Each structure stands twice: as structure tokens, then as C-alpha cells.
Amino acid sequence: MFPAAFDYLQAHSADEALAALAQHGGDARVLAGGQSLIPAMRFRLAQPAILLDINPIAELAYMREGDGFLEIGACERDAALEVSPIIASRYHLIADASKLVADPVVRQSGTVVGSLCHNDPAGDWPTVALASRAQLTIRNSKGSRTVAADDFFVDSFSTAVADGEMAFSVRFPTPSGRTSGSYQKIERKVGDFATASAAVQLTLADDGTIRDAGIAIGAVGPKATRVAAAEALLNGQKPTRDLIRAAAEEAKKIADPSPDQRGSAEYKREMAGVLVARGLVASLGRLGVKGEA
Ligand SMILES: Cc1cc2nc3c(=O)[nH]c(=O)nc-3n(C[C@H](O)[C@H](O)[C@H](O)COP(=O)(O)OP(=O)(O)OC[C@H]3O[C@@H](n4cnc5c(N)ncnc54)[C@H](O)[C@@H]3O)c2cc1C
């Protein structure tokens, strides 16, 4: 199908983009990698009057570490994360996910920030953002605000970005030396969206107890969800097999999947627990701690 008629605008700077959004408000949709928006337009699921292409804004294609964060700009492609030595060395959860989002061709165009703004319930990056306590910078022509991932994902395909605004970057806290993580995803074949997924990030204290656990599950509900009850169980405790099992049970309790061609609701709920357990074991393994699911 062909998209409905629209006007096409290109922004060459952040100021130009913000001026266009101030002028057109809810009539304009930001075009980043176009990997989700263009198909949605072709199926007439999205019919923006104005398409605002931010791809020419070179200043938004960056990834930099500093002030305790890894910051990724709105025009940085998924493919850049996959080959980043900084991510490979310290950001294990992001490194895992960067190889599993869609397929290599899609990752050449798709952006992390675009994926977060799209907020597909089966998307990979929202789950990672929740577990790693990411923050998003949102701007309009009048100013800027920072929104925690917990508050960013409102509902399926809906976020805290309001009309007249756009997301400029996502910031992931820099993990300490005793932090590791793991992204677990079941997919029917390479390039498919998740049947179920889990993102885990753990920081250990000097005595070997878990100081900070971040756990989120994806594709098993209307949006990616933090498993706060599992985090609370783990925090302050030495990791044990029973604790890992209990954390997995908490994930199963809050999973609210719908049956579809990828599996039944029961299967997906079960997998949410399995993937959380696998993510915990893998994260602990990377920290030199043996665990069994
Ligand atoms: C074949 C295929 C397989 C895929 N498989 C997966 C998968 O396994 N896992 C997965 O997570 N994703 C998958 N995707 C989706 C892909 O990762 C998309 O790239 C991503 O979801 C959207 O990123 P984008 O940069 O292409 O955004 P776009 O398609 O350009 O935009 C998506 C939405 O976000 C909005 N938006 C984009 N950037 C901003 C911004 N800076 N500020 C405000 N709003 C913004 C747009 O207006 C639009 O509504 C797949 C896509 C395809 C085509």
C-alpha cells in the first residue's frame, strides 16, 4: 500500500527541528530510521500530515561517555552500538541487546532513540532501558526535560514525548566495576520481534551481596515492565539458586501476555520466568559468581 499524502520537511539542525515541531505540533511526526514509521504509514496505521526528517542533523548522531553516563543521540544507528568498544567492555546488557535487535540490515537504519519513542511492546530497547535505569532527554522550542525510563513508557506505542516535542538522547548510567548484565530473547528466527525477553543488570557489593538489581521483561504485556518485586527480593542478598527461582516466579506473576502466532499466553509467561533466571545466571557468571537456574 502507499502512504496517505503528507508534506516532507528536513531539519538540518536541532533548532530547525524544534522550530518545525513548535509550528506544526501534533500534525508532525519525527522520522528517524523509518524502520517502524514507514511501514506504519504504508499500512495507513500512521497518517502524519507532516514528516519531519531529522536524519540530516549530524550533531545528533553521536555516542559519548562522561559524567557517569553513556549518552546516545537521536540519530545514532543501532549498528554503531554493536561495534562500539566502550559498549563491549562495560555495558554488557546493551552489548547483548545490540546484536539481537531486528537484523543487521534494519540495524543500519534504526535508531535506539527511535525505538524507545516507538515503544513497541515487543521492542528490545525499552526493556533494556528499564533494567539499566536509563533516562531520556526530551526537548521542545522552550526547553529541555529529563525523564526516567520508568516514566517514559506510558502504554503500547505511547511515551512521555508530547506534541511539539522530540527526544534528543538516551543516557545509560555507566556501570561500576562490579556491575554486569545480560539480555535474553526468544525469537522464532533471526530478525523477528521477541516472543519473550528479559533484561537484567546486577551490581554486587564488596561482600558479594547484590547491591542493585535491575530486571525488566518484554513482549509479555502491553509494554515492557520492570519486575520490581524481583529486584526487591534480590537487593541486599547473596545470590542463590532459590533466590533466582523466586525472582523468576515474580516475573511470571506480573507477565500479562497475549497469545499470538509466536506462542500461547502460558508459554510466554513461563518463558518470562525462564529468561529472567537465565539473565541472572549469565550476569552473575560475568561477575565471576556461579549461579544455577
Ligand atoms: C524487519 C524488521 C524487524 C524488526 N525487528 C525488531 C526487533 O526484533 N526488535 C526491535 O526492538 N525492533 C525491531 N524492529 C524495529 C526497528 O528496530 C526500528 O528501527 C525501531 O523500532 C524504530 O527505530 P527508527 O529509528 O527506525 O524509528 P522510526 O521508524 O523513524 O520512528 C518510530 C516512531 O518513533 C518516533 N520517533 C523516532 N525518533 C524520535 C525522536 N527522536 N523523538 C520523538 N519521536 C521519535 C517516530 O515519529 C515514530 O512514531 C524491526 C523492524 C523491521 C523493519
# chains A, B, ... in the order shown; residues from 1 in each chain; ligands from 1
call {"tool": "residues_around", "arguments": {"residues": "Lys268 (chain A)", "least_positions_apart": "4", "cutoff": "8 Å", "atoms": "only C-alpha atoms", "output": "JSON, numbers by chain"}}
result
{"A": [195, 196, 220, 257, 263, 264, 272]}
call {"tool": "write_last_selection", "arguments": {"atoms": "C-alpha atoms", "output": "PDB file, in the first residue's frame"}}
result
ATOM      1  CA  THR A 195       8.366 -13.959  21.718  1.00  0.00           C
ATOM      2  CA  ALA A 196       9.530 -13.041  25.223  1.00  0.00           C
ATOM      3  CA  VAL A 220       4.685 -10.289  27.613  1.00  0.00           C
ATOM      4  CA  PRO A 257       0.999 -11.855  27.605  1.00  0.00           C
ATOM      5  CA  GLY A 263       3.033 -18.706  21.250  1.00  0.00           C
ATOM      6  CA  SER A 264       0.302 -19.159  23.817  1.00  0.00           C
ATOM      7  CA  ALA A 272       9.427 -14.690  31.006  1.00  0.00           C
TER       8      ALA A 272
END
call {"tool": "residues_near_ligand", "arguments": {"ligand": "ligand 1", "cutoff": "7 Å", "atoms": "only C-alpha atoms and all ligand atoms", "output": "MDAnalysis selection string"}}
result
chainID A and resid 29:38 74 100:103 106:107 109:115 117:118 120 122:125 161 165:168 191:194
call {"tool": "closest_residue", "arguments": {"among": "A:Gly285, A:Gly73, A:Gly68, A:Pro175", "to": "Gly214 (chain A)", "atoms": "only C-alpha atoms"}}
result
A:Pro175
call {"tool": "residues_around", "arguments": {"residues": "Pro173 (chain A)", "least_positions_apart": "6", "cutoff": "10 Å", "atoms": "only C-alpha atoms", "output": "PyMOL selection string"}}
result
chain A and resi 65-71+91+132-135
call {"tool": "residues_around", "arguments": {"residues": "Leu130 (chain A)", "least_positions_apart": "2", "cutoff": "8 Å", "atoms": "only C-alpha atoms", "output": "JSON, numbers by chain"}}
result
{"A": [126, 127, 128, 132, 133, 134, 149, 150, 214, 215, 216, 224, 225, 226]}
call {"tool": "residues_around", "arguments": {"residues": "Leu284 (chain A)", "least_positions_apart": "2", "cutoff": "12 Å", "atoms": "only C-alpha atoms", "output": "ChimeraX atom specification"}}
result
/A:92,178-182,200-204,208-210,213,238-241,244,277-282,286-293
call {"tool": "select_by_dssp", "arguments": {"residues": "region 46-85 of chain A", "states": "strand (DSSP E)", "output": "ChimeraX atom specification"}}
result
/A:50-53,63-66,69-73
call {"tool": "select_by_dssp", "arguments": {"residues": "region 61-130 of chain A", "states": "helix (DSSP H, G or I)", "output": "NGL selection string"}}
result
:A and (78-82 or 85-90 or 92-98 or 104-109 or 112-118 or 125-130)
call {"tool": "atom_distance", "arguments": {"atom1": "CA of Ala198 (chain A)", "atom2": "CA of Gln184 (chain A)"}}
result
5.2 Å
